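Asks: The structure that follows is given in the form of structure tokens.
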Amino acid sequence: MTSEELLQIAEEANADREASDFEVNVCVALGCLSQHSDKLKDTLTAEAAAASPRTGKRCHVRGTGCMGLCAAGPLVRVGSAADAGAQTLYAGVREGDVKALIESLGGKPVERLTAHLDQYFRGQIPIVLENSGYIDPEKIDEYIGRDGYQALIKALTEMSPQTVIEQISKSGLRGRGGGGYPTGLKWSTVAKAVGAQKYVICNADEGDPGAFMDRSVLESDPQRVIEGMAIAGYAVGASKGYIYVRAEYPLAVTRMTSSLRDARRRGLLGNNICGTTFAFDIEIRLGAGAFVCGEETALIASIEGLRGQPRPRPPYPAVSGLWGSPTLINNVETFANVAPIIRKGAEWYASIGTEKSKGTKVFALTGKITNTGLVEIPMGMPLREIIFGIGGGVPNGRKFKAVQTGGPSGGCIPEEHLDLPISYEALIDVGSMMGSGGMIVMDDTSCMVNVARFFMEFCMTESCGKCIPCRAGTAQMYQLLTKICDGKASHADLDLLIDLCDVVKNTSLCGLGMTAPNPVLSTLRYFKHEYMEHIDHQHCRAGVCACGSKPLSELSQAEVPA
Amino acid sequence: MSETAGKTASKIKVATVWLDGCSGCHMSFLDMDERLLELGSQFDLVYSPLVDFKVYPERVDVALVEGAISSVEDEHKIHNIRKHTKFLIAMGDCAVTGNVPSMRNPFGPEAILDRAYEQNVATQAQIPCVIVPALLEKVRPVHEFVKVDMYLPGCPPSADTFYTVLSDLLAGRTPDVASLTRFGA
Amino acid sequence: MSAPVDVKTLVIDGVNVSGSAGQTVLEVARENNISIPTLCHLDGLSEVGACRMCLVEVKNSPKLFPSCVLKVEEGMEVTTASDRLKHYRQTILELFFAERNHICSVCVANGHCELQSTAQSQGLTHVRLPYRNPKLDVDASHERFVLDHNRCILCTRCVRVCAEIEGAHVWDIMGRGIDSMLIADLHQPWGESSCTRCGKCVQVCPTGALSEKSKFGAEHPKHPEFLPYLNMMREGQ
């Protein structure tokens, strides 16, 4: 494969695409699939074929990846094949709408199905998701048709590994798995590490409650991840890659498996890639449902066939990782950012975002929010704009209470910090963290103590049990939180809880334990009055806890702040 | 005369209490032997299974509590003791950790009563329901119910431990308990 | 003549000490009679850094490090005892005691238990946390030994000695988090497992979780110190 050949494939793919007069793109990623968009696609195909002789127009029905607004599925985007930008997005399309939808091609859009989502898409900058919803994820040529693999060929034929790393460093890209470690620095550490064999691992063990960014990328644009990994392999000197994906993502696994096969057939994986001496191949490894395997040393142990438990660092995987070899581990979204950076240049990427947090971030907006789904926003966008602009705010006229980011390692951010521009540092400053991109919006029907208890239960059941602070500490904290929710706790219990937070945070072996107290600490920081109401008055203002809630008249105003 | 009376009045009032324990701590306390005489001259034993006072006094300076809290009666007693005591010492592992009495906790009181009064009884098997106080769901150490001022672990704490701790306390020193005794000692 | 490059000088608790590259802070501290408490560490076995007792402070780092796996570095300044560390160690011990049913007074290891003696040396006189009191089994199916889950602290010394020294790998951990449990083979009764009856696991067990049948308290001292000699002799071959 040379760049000329690649160009030819791209041209053929695009010519193929434009040979149709119209195209009908049906989202077949998991969100819409759960509403039977696969059947909808079949019906659309049959209807389009039946209508074609009558109208004389050729219509191509394509199954695509995620279009973002999962709550409004199944999503279908139709219009002229030549101008994807001018297509109409339909939401909540059912089998009964198929006839009207096909009839309308070339005419007036079906008004009752049209999704009016200017607000939702305004402000979003799709980089990671640029192909999601536009290509058939199972067709490598469609990916190539949208500039796919140009970055790999450019890296292999025009750039030294050193230059690639320089570009990644200059772009300011940071780990999208949560920690925000500078990607370029990680790559250069692995590149410098001594070892005959090196590995590249893609961490697709996404497990935060409410997070589905990585799943969507794997389902919607798998080739982009493969390309990113291959570029990383070239940059750090690795010939072997692993994608560690959780078994709970069967569709992602299926699409990734077929995509790896297609990439090998096109000569984009394997030996002598693009006629160079570079050899790289990728295998899939399935996770068995343990959240802790998202921690890099536990993930490595799991790939090695061992019990998925973390080990103390140092040594870091960059020096001694998989089977003792230098290993680069990045998350799905990080790898998905690599190809555009190489293709368009570090300066372009670095021009997006804030001073220390560059580029875009994909968030999964869930909870009490009108527009549930995936959004990709430039770093630096205020939380308020994401939640009330793009997200459409809190539905049913309820009052916004907090937004939870960072999963079980993160925290709850109250209204007063909503004007915070999103960045790694800013989120940590307010007691939360970027995390992998879960963003759970809560309204006044959520009890913050109960929320903290939920996340503590998650950490308790997901603790691997290796180190005592996390194993027994989370269980003790969960017990104490339950006691508070039940209205049976004393002030001494709260003091003990706060003390345990400190101990578990500072003495645990891995990130899971170190961050497990965060949901408690952040809710204590902003919603301590809710804790006190449970303890002093057996009152849960949201009315969800076992202690029940009391009418305001029974609570003295002085003791209960609003 | 008045001087002697004054001395008597200022003597420290000590109580010892026996809740859910085997009385081994009290036995060990008595094992101080002749040293008891020396210490005994410095305090008044105002309440104890070793003497014949029936009612816990209004004002006690130091109480040594043996035993865990296992029944509603224990619970009632410990709150009363705390109310009338300045300095409360959890004496021995049962009071400090729950120890042997707490070994029933994983099974629950019903299973224990069933085992003791139904399965292991040859005639007239029945679970007592009067006079005997109801068991708590779990046996707990004293500090889970009331504030404890000093912990004296050990099963039992040795006579030497008692002697050193009491001598120190009477002399106004804070004993280094951990260097003297331990869980299970 | 320049000094050999593999010697590192560092400061532990204000004392200037030296160690060779690759040595851990724990090793060097103990060579210099600076005591750091440990439970999962045992000379002769691989390190897991799981019990967190040996955490130490390193100057200019907000993080604490387990000294059993922390390699000495030139110019390092280590603190092994501070109020903060003391509080953390005591709380960790409390977590151990509250996790399962450690009834010292009636334990086979009473007087020979590292959990018990560490609690004493760390000044722990009571446990603030509520005891969890889980219902756990005792496996007495083995003809010579007993496994009492009530006393297990999941230090995995037995797992490691069986896999690394005996080479049998009978022991392992099942489940996760608070439900983690030591198992023989694929969760078979110990007596029906592939156990070679060597008894090493019993000797290295820091508590009364693994014991010899019909031995109690004073009759049951354990001798984990055989391991380094065994390793030395093996390496000498």
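In the structure tokens, each chain is lettered A, B, ... as it comes, each chain's residues begin at 1, and ligands are numbered from 1 in order of appearance.
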Do you have, as a Markdown table, the list of residues of chain A lying at most 12 Å from chain B, each with its nearest atom pair and that distance in Å to one decimal, counting only C-alpha atoms and ordered by chain then number?

Replies:
| residue | atom | partner | partner_atom | distance |
| --- | --- | --- | --- | --- |
| A:Ala489 | CA | B:Glu144 | CA | 12.0 |
| A:Ser490 | CA | B:Glu144 | CA | 11.2 |
| A:Ala492 | CA | B:Glu144 | CA | 10.4 |
| A:Asp493 | CA | B:Glu144 | CA | 10.5 |

Asks: Could you list, with a cut-off of 12 Å and counting only C-alpha atoms, the residues of chain A near chain C, each shown with its nearest atom pair and the distance in Å rounded to one decimal, rows sorted by chain and ascending number, as a tab-separated table?

Replies:
residue	atom	partner	partner_atom	distance
A:Gly289	CA	C:Arg176	CA	11.7
A:Ala290	CA	C:Arg176	CA	9.2
A:Phe291	CA	C:Arg176	CA	11.1
A:Val292	CA	C:Arg176	CA	10.2
A:Leu306	CA	C:Asp172	CA	11.2
A:Arg307	CA	C:Ile173	CA	8.8
A:Gly308	CA	C:Arg176	CA	9.9
A:Gln309	CA	C:Arg176	CA	9.6
A:Pro310	CA	C:Val48	CA	9.5
A:Arg311	CA	C:Val48	CA	6.8
A:Pro312	CA	C:Gly49	CA	6.4
A:Arg313	CA	C:Val69	CA	8.7
A:Pro314	CA	C:Leu70	CA	7.9
A:Pro315	CA	C:Val69	CA	9.5
A:Glu457	CA	C:Gly177	CA	11.1
A:Phe458	CA	C:Gly177	CA	10.8
A:Cys459	CA	C:Gly177	CA	8.9
A:Met460	CA	C:Gly177	CA	6.4
A:Thr461	CA	C:Gly177	CA	6.1
A:Glu462	CA	C:Gly177	CA	6.6
A:Ser463	CA	C:Gly177	CA	4.5
A:Cys464	CA	C:Gly177	CA	4.7
A:Gly465	CA	C:Gly177	CA	3.7
A:Lys466	CA	C:Ala50	CA	5.8
A:Cys467	CA	C:Ala50	CA	4.3
A:Ile468	CA	C:Cys51	CA	5.9
A:Pro469	CA	C:Ile92	CA	6.4
A:Cys470	CA	C:Gly177	CA	7.8
A:Arg471	CA	C:Gly177	CA	4.9
A:Ala472	CA	C:Leu95	CA	6.0
A:Gly473	CA	C:Leu95	CA	6.6
A:Thr474	CA	C:Ile178	CA	8.6
A:Ala475	CA	C:Ile178	CA	6.9
A:Gln476	CA	C:Leu129	CA	7.6
A:Met477	CA	C:Leu129	CA	9.9
A:Tyr478	CA	C:Ile178	CA	11.6
A:Gln479	CA	C:Pro130	CA	9.2
A:Leu480	CA	C:Pro130	CA	9.4
A:Lys483	CA	C:Pro130	CA	11.7
A:Ala492	CA	C:Arg128	CA	10.2
A:Asp493	CA	C:Leu129	CA	9.3
A:Asp495	CA	C:Arg128	CA	11.2
A:Leu496	CA	C:Leu129	CA	8.0
A:Leu497	CA	C:Leu129	CA	9.8
A:Asp499	CA	C:Thr91	CA	9.1
A:Leu500	CA	C:Thr91	CA	8.1
A:Cys501	CA	C:Tyr88	CA	11.3
A:Asp502	CA	C:Tyr88	CA	8.9
A:Val503	CA	C:Tyr88	CA	5.9
A:Val504	CA	C:Tyr88	CA	8.9
A:Lys505	CA	C:Lys63	CA	10.1
A:Asn506	CA	C:Leu64	CA	7.0
A:Thr507	CA	C:Arg52	CA	6.5
A:Ser508	CA	C:Arg52	CA	7.4
A:Leu509	CA	C:Ala50	CA	6.9
A:Cys510	CA	C:Ala50	CA	10.2
A:Leu512	CA	C:Gly177	CA	11.5
A:Gly513	CA	C:Gly177	CA	10.9
A:Met514	CA	C:Lys63	CA	10.4

Asks: Provide the CA of Ser432 (chain A) to CA of Tyr531 (chain A) distance in Å, to one decimal place.

Replies: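 Computing it gives 18.8 Å between the two atoms.
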
Asks: Select from chain B every residue with an atom at most 10 Å from any atom of chain C, then for each give the shortest pair of atoms and their distance in Å to one decimal, using only C-alpha atoms, rows by chain and rising number, as a Markdown table.

Replies:
| residue | atom | partner | partner_atom | distance |
| --- | --- | --- | --- | --- |
| B:Ala90 | CA | C:His126 | CA | 9.6 |
| B:Asp93 | CA | C:Ser105 | CA | 8.1 |
| B:Cys94 | CA | C:Ile103 | CA | 9.8 |
| B:Ala95 | CA | C:His126 | CA | 9.8 |
| B:Val96 | CA | C:His126 | CA | 6.1 |
| B:Thr97 | CA | C:His126 | CA | 6.9 |
| B:Gly98 | CA | C:Ile103 | CA | 8.6 |
| B:Asn99 | CA | C:Ile103 | CA | 5.6 |
| B:Val100 | CA | C:Ile103 | CA | 6.7 |
| B:Pro101 | CA | C:Ile103 | CA | 9.9 |
| B:Ser102 | CA | C:Asn133 | CA | 8.3 |
| B:Met103 | CA | C:Asn101 | CA | 7.6 |
| B:Arg104 | CA | C:Asn133 | CA | 9.0 |
| B:Asn105 | CA | C:Asn133 | CA | 6.1 |
| B:Pro106 | CA | C:Lys135 | CA | 4.7 |
| B:Phe107 | CA | C:Lys135 | CA | 7.0 |
| B:Lys138 | CA | C:Asn133 | CA | 9.2 |
| B:Val139 | CA | C:Tyr131 | CA | 9.9 |
| B:Arg140 | CA | C:Tyr131 | CA | 8.2 |
| B:Pro141 | CA | C:Pro130 | CA | 9.1 |
| B:His143 | CA | C:Arg128 | CA | 8.0 |
| B:Glu144 | CA | C:Pro130 | CA | 7.7 |
| B:Met150 | CA | C:Thr125 | CA | 8.8 |
| B:Tyr151 | CA | C:Thr125 | CA | 6.0 |
| B:Leu152 | CA | C:Thr125 | CA | 6.9 |
| B:Pro153 | CA | C:Thr125 | CA | 6.2 |
| B:Gly154 | CA | C:Ser105 | CA | 7.9 |
| B:Cys155 | CA | C:Ser105 | CA | 5.9 |
| B:Pro156 | CA | C:Ser105 | CA | 8.6 |
| B:Asp176 | CA | C:Gly123 | CA | 8.7 |
| B:Val177 | CA | C:Thr125 | CA | 7.5 |
| B:Ala178 | CA | C:Gly123 | CA | 5.0 |
| B:Ser179 | CA | C:Gln120 | CA | 7.1 |
| B:Leu180 | CA | C:Gln120 | CA | 9.0 |
| B:Thr181 | CA | C:Gln120 | CA | 7.6 |
| B:Arg182 | CA | C:Gln120 | CA | 5.7 |
| B:Phe183 | CA | C:Cys104 | CA | 6.1 |
| B:Gly184 | CA | C:Ser105 | CA | 3.9 |
| B:Ala185 | CA | C:Ser105 | CA | 7.0 |

Asks: Suppose you want the space between CA of Leu117 (chain A) and CA of Ile352 (chain A); what is it in Å?

Replies: 23.4 Å

Asks: From a DSSP calculation on the backbone, collect every residue of region 82-163 of chain B in helix (DSSP H, G or I) and output the set as a compact mmCIF listing (two decimals) with all heavy atoms, in the first residue's frame.

Replies:
# COMPACT_ATOMS: atom_id res chain seq x y z
N ARG B 82 -22.08 5.03 82.55
CA ARG B 82 -21.41 6.18 81.92
C ARG B 82 -21.90 7.50 82.53
O ARG B 82 -21.12 8.40 82.79
CB ARG B 82 -21.69 6.16 80.42
CG ARG B 82 -21.08 7.29 79.60
CD ARG B 82 -19.58 7.22 79.50
NE ARG B 82 -18.86 8.01 80.50
CZ ARG B 82 -17.56 8.15 80.48
NH1 ARG B 82 -16.80 7.58 79.55
NH2 ARG B 82 -16.96 8.86 81.41
N LYS B 83 -23.20 7.52 82.78
CA LYS B 83 -23.81 8.73 83.30
C LYS B 83 -23.23 9.11 84.66
O LYS B 83 -23.10 10.29 84.99
CB LYS B 83 -25.31 8.49 83.42
CG LYS B 83 -26.16 9.73 83.48
CD LYS B 83 -27.63 9.33 83.37
CE LYS B 83 -28.50 10.35 84.09
NZ LYS B 83 -29.87 9.83 84.26
N GLY B 92 -10.31 -5.49 79.65
CA GLY B 92 -10.27 -6.82 79.04
C GLY B 92 -10.87 -6.86 77.64
O GLY B 92 -11.59 -5.96 77.23
N ASP B 93 -10.55 -7.92 76.91
CA ASP B 93 -10.92 -8.01 75.50
C ASP B 93 -12.43 -7.98 75.25
O ASP B 93 -12.87 -7.45 74.24
CB ASP B 93 -10.33 -9.29 74.89
CG ASP B 93 -8.89 -9.08 74.41
OD1 ASP B 93 -8.43 -7.93 74.48
OD2 ASP B 93 -8.26 -10.06 73.99
N CYS B 94 -13.24 -8.56 76.15
CA CYS B 94 -14.68 -8.57 75.90
C CYS B 94 -15.21 -7.14 75.84
O CYS B 94 -15.99 -6.78 74.96
CB CYS B 94 -15.42 -9.35 76.98
SG CYS B 94 -14.97 -11.09 76.97
N ALA B 95 -14.76 -6.31 76.79
CA ALA B 95 -15.21 -4.92 76.80
C ALA B 95 -14.59 -4.14 75.65
O ALA B 95 -15.21 -3.25 75.08
CB ALA B 95 -14.83 -4.27 78.13
N VAL B 96 -13.36 -4.50 75.28
CA VAL B 96 -12.64 -3.74 74.26
C VAL B 96 -13.01 -4.17 72.84
O VAL B 96 -13.16 -3.34 71.94
CB VAL B 96 -11.11 -3.86 74.47
CG1 VAL B 96 -10.35 -3.16 73.35
CG2 VAL B 96 -10.71 -3.28 75.81
N THR B 97 -13.17 -5.48 72.63
CA THR B 97 -13.38 -5.97 71.25
C THR B 97 -14.66 -6.79 71.06
O THR B 97 -15.05 -7.06 69.93
CB THR B 97 -12.22 -6.89 70.81
OG1 THR B 97 -12.35 -8.16 71.47
CG2 THR B 97 -10.87 -6.29 71.14
N VAL B 100 -14.81 -13.31 72.97
CA VAL B 100 -15.53 -14.59 72.88
C VAL B 100 -17.05 -14.42 72.79
O VAL B 100 -17.68 -15.04 71.94
CB VAL B 100 -15.13 -15.53 74.04
CG1 VAL B 100 -16.00 -16.78 74.03
CG2 VAL B 100 -13.66 -15.90 73.92
N PRO B 101 -17.67 -13.55 73.59
CA PRO B 101 -19.12 -13.40 73.45
C PRO B 101 -19.52 -13.02 72.02
O PRO B 101 -20.58 -13.43 71.54
CB PRO B 101 -19.46 -12.27 74.43
CG PRO B 101 -18.40 -12.34 75.46
CD PRO B 101 -17.16 -12.77 74.75
N SER B 102 -18.66 -12.26 71.33
CA SER B 102 -19.02 -11.79 69.98
C SER B 102 -18.91 -12.90 68.94
O SER B 102 -19.26 -12.69 67.78
CB SER B 102 -18.14 -10.61 69.57
OG SER B 102 -16.84 -11.05 69.22
N MET B 103 -18.44 -14.06 69.36
CA MET B 103 -18.32 -15.14 68.38
C MET B 103 -19.69 -15.63 67.92
O MET B 103 -19.79 -16.36 66.94
CB MET B 103 -17.50 -16.31 68.96
CG MET B 103 -16.01 -15.97 69.03
SD MET B 103 -15.07 -17.13 69.99
CE MET B 103 -15.04 -18.54 68.92
N ARG B 104 -20.74 -15.22 68.63
CA ARG B 104 -22.08 -15.58 68.15
C ARG B 104 -22.57 -14.66 67.02
O ARG B 104 -23.53 -14.97 66.34
CB ARG B 104 -23.07 -15.56 69.30
CG ARG B 104 -23.53 -14.17 69.74
CD ARG B 104 -24.84 -14.31 70.51
NE ARG B 104 -25.17 -13.22 71.41
CZ ARG B 104 -25.87 -12.14 71.03
NH1 ARG B 104 -26.19 -11.95 69.77
NH2 ARG B 104 -26.19 -11.24 71.94
N PRO B 109 -28.73 -14.19 67.09
CA PRO B 109 -29.21 -14.69 68.39
C PRO B 109 -30.16 -15.88 68.29
O PRO B 109 -30.12 -16.77 69.14
CB PRO B 109 -29.90 -13.47 69.00
CG PRO B 109 -30.11 -12.51 67.89
CD PRO B 109 -29.08 -12.79 66.85
N GLU B 110 -31.00 -15.91 67.26
CA GLU B 110 -31.98 -17.01 67.15
C GLU B 110 -31.25 -18.35 67.07
O GLU B 110 -31.60 -19.30 67.76
CB GLU B 110 -32.88 -16.84 65.92
CG GLU B 110 -33.87 -15.68 66.03
CD GLU B 110 -33.22 -14.34 65.75
OE1 GLU B 110 -32.11 -14.33 65.16
OE2 GLU B 110 -33.79 -13.29 66.15
N ALA B 111 -30.25 -18.41 66.21
CA ALA B 111 -29.52 -19.67 66.03
C ALA B 111 -28.82 -20.08 67.32
O ALA B 111 -28.76 -21.27 67.66
CB ALA B 111 -28.49 -19.52 64.90
N ILE B 112 -28.32 -19.09 68.06
CA ILE B 112 -27.60 -19.38 69.30
C ILE B 112 -28.57 -19.90 70.36
O ILE B 112 -28.32 -20.90 71.05
CB ILE B 112 -26.89 -18.10 69.80
CG1 ILE B 112 -25.82 -17.66 68.80
CG2 ILE B 112 -26.31 -18.29 71.19
CD1 ILE B 112 -24.74 -18.67 68.53
N LEU B 113 -29.71 -19.23 70.50
CA LEU B 113 -30.70 -19.66 71.48
C LEU B 113 -31.20 -21.06 71.14
O LEU B 113 -31.37 -21.92 72.02
CB LEU B 113 -31.87 -18.67 71.52
CG LEU B 113 -31.56 -17.30 72.13
CD1 LEU B 113 -32.71 -16.34 71.92
CD2 LEU B 113 -31.22 -17.43 73.61
N ASP B 114 -31.42 -21.27 69.87
CA ASP B 114 -31.90 -22.58 69.41
C ASP B 114 -30.91 -23.67 69.77
O ASP B 114 -31.28 -24.73 70.29
CB ASP B 114 -32.13 -22.53 67.90
CG ASP B 114 -32.77 -23.79 67.39
OD1 ASP B 114 -33.87 -24.13 67.88
OD2 ASP B 114 -32.18 -24.46 66.51
N ARG B 115 -29.65 -23.37 69.53
CA ARG B 115 -28.60 -24.34 69.82
C ARG B 115 -28.53 -24.63 71.33
O ARG B 115 -28.42 -25.77 71.76
CB ARG B 115 -27.26 -23.78 69.34
CG ARG B 115 -26.07 -24.70 69.52
CD ARG B 115 -26.11 -25.81 68.49
NE ARG B 115 -24.93 -26.67 68.62
CZ ARG B 115 -24.84 -27.86 68.05
NH1 ARG B 115 -25.84 -28.32 67.34
NH2 ARG B 115 -23.75 -28.58 68.18
N ALA B 116 -28.59 -23.56 72.12
CA ALA B 116 -28.39 -23.71 73.55
C ALA B 116 -29.61 -24.28 74.27
O ALA B 116 -29.48 -25.10 75.17
CB ALA B 116 -28.02 -22.36 74.16
N TYR B 117 -30.80 -23.83 73.86
CA TYR B 117 -31.99 -24.18 74.66
C TYR B 117 -32.89 -25.23 73.99
O TYR B 117 -33.81 -25.72 74.63
CB TYR B 117 -32.81 -22.92 74.96
CG TYR B 117 -32.10 -21.98 75.91
CD1 TYR B 117 -31.45 -20.84 75.46
CD2 TYR B 117 -32.07 -22.25 77.28
CE1 TYR B 117 -30.80 -19.99 76.32
CE2 TYR B 117 -31.42 -21.40 78.16
CZ TYR B 117 -30.78 -20.27 77.68
OH TYR B 117 -30.14 -19.44 78.55
N GLU B 118 -32.66 -25.51 72.72
CA GLU B 118 -33.51 -26.50 72.06
C GLU B 118 -32.70 -27.75 71.72
O GLU B 118 -32.96 -28.83 72.22
CB GLU B 118 -34.13 -25.92 70.78
CG GLU B 118 -34.98 -24.68 70.99
CD GLU B 118 -36.45 -24.99 71.33
OE1 GLU B 118 -36.78 -26.18 71.51
OE2 GLU B 118 -37.25 -24.04 71.42
N GLN B 119 -31.68 -27.55 70.90
CA GLN B 119 -30.96 -28.72 70.40
C GLN B 119 -30.15 -29.43 71.47
O GLN B 119 -30.04 -30.66 71.47
CB GLN B 119 -30.01 -28.30 69.26
CG GLN B 119 -30.70 -27.81 68.02
CD GLN B 119 -29.70 -27.25 67.01
OE1 GLN B 119 -28.54 -27.65 66.99
NE2 GLN B 119 -30.15 -26.34 66.18
N VAL B 142 -17.85 -2.08 74.37
CA VAL B 142 -18.44 -0.99 75.15
C VAL B 142 -18.41 0.33 74.40
O VAL B 142 -19.39 1.08 74.38
CB VAL B 142 -17.69 -0.86 76.50
CG1 VAL B 142 -18.14 0.39 77.25
CG2 VAL B 142 -17.92 -2.10 77.36
N HIS B 143 -17.31 0.61 73.69
CA HIS B 143 -17.18 1.94 73.08
C HIS B 143 -18.14 2.16 71.92
O HIS B 143 -18.25 3.27 71.41
CB HIS B 143 -15.74 2.21 72.64
CG HIS B 143 -15.23 1.31 71.55
ND1 HIS B 143 -14.52 0.17 71.79
CD2 HIS B 143 -15.34 1.39 70.20
CE1 HIS B 143 -14.21 -0.41 70.64
NE2 HIS B 143 -14.69 0.31 69.66
N GLU B 144 -18.84 1.12 71.48
CA GLU B 144 -19.85 1.36 70.45
C GLU B 144 -21.14 1.89 71.06
O GLU B 144 -22.06 2.28 70.35
CB GLU B 144 -20.11 0.08 69.65
CG GLU B 144 -18.91 -0.26 68.77
CD GLU B 144 -19.24 -1.24 67.65
OE1 GLU B 144 -20.41 -1.38 67.30
OE2 GLU B 144 -18.29 -1.88 67.17
N ALA B 159 -2.21 -9.41 86.07
CA ALA B 159 -2.23 -8.70 87.35
C ALA B 159 -1.21 -7.57 87.35
O ALA B 159 -1.46 -6.48 87.86
CB ALA B 159 -1.93 -9.69 88.48
N ASP B 160 -0.07 -7.82 86.72
CA ASP B 160 0.96 -6.78 86.63
C ASP B 160 0.44 -5.57 85.86
O ASP B 160 0.72 -4.42 86.20
CB ASP B 160 2.22 -7.32 85.94
CG ASP B 160 2.97 -8.29 86.84
OD1 ASP B 160 2.65 -8.33 88.05
OD2 ASP B 160 3.85 -9.01 86.33
N THR B 161 -0.29 -5.86 84.79
CA THR B 161 -0.87 -4.77 84.01
C THR B 161 -1.80 -3.94 84.87
O THR B 161 -1.72 -2.71 84.91
CB THR B 161 -1.65 -5.33 82.79
OG1 THR B 161 -0.76 -6.09 82.00
CG2 THR B 161 -2.26 -4.22 81.95
N PHE B 162 -2.69 -4.64 85.59
CA PHE B 162 -3.61 -3.93 86.48
C PHE B 162 -2.85 -3.07 87.47
O PHE B 162 -3.18 -1.91 87.70
CB PHE B 162 -4.50 -4.93 87.24
CG PHE B 162 -5.69 -5.39 86.44
CD1 PHE B 162 -5.87 -6.73 86.15
CD2 PHE B 162 -6.62 -4.48 85.98
CE1 PHE B 162 -6.97 -7.15 85.41
CE2 PHE B 162 -7.73 -4.90 85.25
CZ PHE B 162 -7.90 -6.24 84.96
N TYR B 163 -1.83 -3.68 88.05
CA TYR B 163 -1.09 -2.97 89.08
C TYR B 163 -0.44 -1.70 88.52
O TYR B 163 -0.58 -0.61 89.07
CB TYR B 163 -0.02 -3.88 89.69
CG TYR B 163 0.78 -3.18 90.76
CD1 TYR B 163 0.20 -2.87 91.99
CD2 TYR B 163 2.10 -2.79 90.52
CE1 TYR B 163 0.92 -2.20 92.96
CE2 TYR B 163 2.82 -2.12 91.49
CZ TYR B 163 2.23 -1.82 92.71
OH TYR B 163 2.93 -1.15 93.66

Asks: Would you pick out the contacts of Thr207 (chain C) at 7 Å or less, using only C-alpha atoms, so that residues sharing its chain but fewer than 5 positions from it are not included, and give the list as a PyMOL selection string?

Replies: chain C and resi 109+113-115+151-152

Asks: Keeping only C-alpha atoms, write the selected residues to a file as a compact mmCIF listing (two decimals), in the first residue's frame.

Replies:
# COMPACT_ATOMS: atom_id res chain seq x y z
CA ALA C 109 -1.66 -18.32 67.04
CA CYS C 113 0.69 -13.87 65.63
CA GLU C 114 2.19 -11.05 63.60
CA LEU C 115 -1.12 -9.19 63.41
CA ARG C 151 -8.11 -15.35 60.84
CA CYS C 152 -6.94 -14.82 57.26

Asks: Would you pick out the contacts of Val58 (chain C) at 7 Å or less, using only C-alpha atoms, so that residues sharing its chain but fewer than 4 positions from it are not included, and give the list as a list in words?

Replies: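 Counting only the stated atoms, we get Leu64, Glu77, Val78 and Thr79 of chain C.
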
Asks: Between CA of Leu169 (chain B) and CA of Asp33 (chain B), what distance in Å does the model show, to one decimal?

Replies: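 Interatomic distance, CA of Leu169 (chain B) to CA of Asp33 (chain B): 18.8 Å.
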
Asks: According to DSSP computed on the backbone, where in region 350-555 of chain A is there strand (DSSP E or B)? Give the residues as a PyMOL selection string.

Replies: chain A and resi 353+358+360-367+373-378+382+400-405+411-414+421+438-443

Asks: Taking 6 positions as the minimum chain separation for residues in the same chain, which residues sit within 7 Å of Val62 (chain B) when counting only C-alpha atoms? Answer as a CSV table (one decimal) with N, CA, C and O atoms, in the first residue's frame.

Replies:
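Below is the file that was written, out_13.csv:
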chain,number,residue,atom,x,y,z
B,13,LYS,N,-13.2,7.1,94.3
B,13,LYS,CA,-14.2,6.1,94.3
B,13,LYS,C,-14.1,5.2,93.0
B,13,LYS,O,-14.2,5.7,91.9
B,14,VAL,N,-13.9,4.0,93.3
B,14,VAL,CA,-13.7,3.0,92.2
B,14,VAL,C,-14.8,2.0,92.1
B,14,VAL,O,-15.2,1.5,93.1
B,15,ALA,N,-15.3,1.7,90.9
B,15,ALA,CA,-16.3,0.7,90.7
B,15,ALA,C,-15.7,-0.3,89.7
B,15,ALA,O,-14.9,0.0,88.8
B,85,THR,N,-20.2,8.1,85.9
B,85,THR,CA,-18.8,7.8,86.1
B,85,THR,C,-17.9,8.9,85.4
B,85,THR,O,-18.3,9.3,84.3
B,86,LYS,N,-16.9,9.3,86.0
B,86,LYS,CA,-16.0,10.3,85.4
B,86,LYS,C,-15.0,9.6,84.4
B,86,LYS,O,-14.9,10.1,83.3
B,87,PHE,N,-14.4,8.5,84.8
B,87,PHE,CA,-13.4,7.9,83.9
B,87,PHE,C,-13.7,6.4,83.8
B,87,PHE,O,-13.7,5.7,84.7
B,88,LEU,N,-14.1,6.1,82.5
B,88,LEU,CA,-14.5,4.7,82.3
B,88,LEU,C,-13.4,3.9,81.6
B,88,LEU,O,-12.9,4.3,80.5

Asks: If we count only C-alpha atoms, what is near Val61 (chain A) at a cut-off of 9 Å, once residues fewer than 3 positions away on the same chain are taken out, given as a list in words?

Replies: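 Listed by chain and then number, they are Phe22, Glu23, Val24, Asn25, Val26, Lys41, Asp42, Leu44, Thr45 and Ala48 of chain A.
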